[in-house]
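Visitor: Quick one: the structure is below, questions incoming.
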Amino acid sequence: MNKEDEIYVYYLIGQNLKKIRKSKGYTQERLAEESTYSVGFIMNIESSKYMQTFSLGTLWCFAKVLECDIREFFEPLDN
């Protein structure tokens, strides 16, 4: 994936969301319930094959629910 492409930021955040969510012991269903977003929306954000756009407000909500710093979603990926 080209890191210079705008789509990359959505991929980066989606992969970090998945990593953070799992590290906190959250399922997609639990995150959906606590954030009021749908499971399908969260699945699309975390998908490496589908590019789901979302707002900064959405990201802020996920950070609040997962009790993490919003900057963690922008951490470089290990792979």
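FYI, nothing fancy with the structure tokens labels: chains A, B, ... in order, residues from 1 per chain, ligands from 1 as they appear.
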Considering only C-alpha atoms, return as a PyMOL selection string whatever protein or nucleic-acid residues lie within 9 Å of stretch 38-44 of chain A, sequence-local ones (same chain, fewer than 5 positions apart) excluded.
Guide: chain A and resi 14+28-33+49-53
Visitor: May I ask which of the residues A:Leu12, A:Ile70, A:Ile45, A:Val65 is the closest one to A:Lys24, counting only C-alpha atoms?
Guide: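 So, comparing all the options, the nearest one is A:Val65.
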Visitor: Could you state the separation of atom CA of A:Thr27 and atom CA of A:Tyr8 in Å, given to one decimal place?
Guide: 23.9 Å
Visitor: For atom CA of A:Cys61 and atom CA of A:Phe74, determine how far apart the two atoms are, in Å to one decimal place.
Guide: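 Between atom CA of A:Cys61 and atom CA of A:Phe74 the gap is 15.2 Å.
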Visitor: List as a ChimeraX atom specification the protein and nucleic acid residues near A:Trp60, meaning an atom at most 10 Å away when only C-alpha atoms are counted, but skip any in the same chain fewer than 6 places from it.
Guide: /A:66,68-71
Visitor: Given the choices A:Ser35, A:Ser47, A:Asn16, A:Asn2, which gets closest to A:Phe62 if the distance is worked out from only C-alpha atoms?
Guide: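 Ranking A:Ser35, A:Ser47, A:Asn16, A:Asn2 by distance to A:Phe62, first place goes to A:Ser35.
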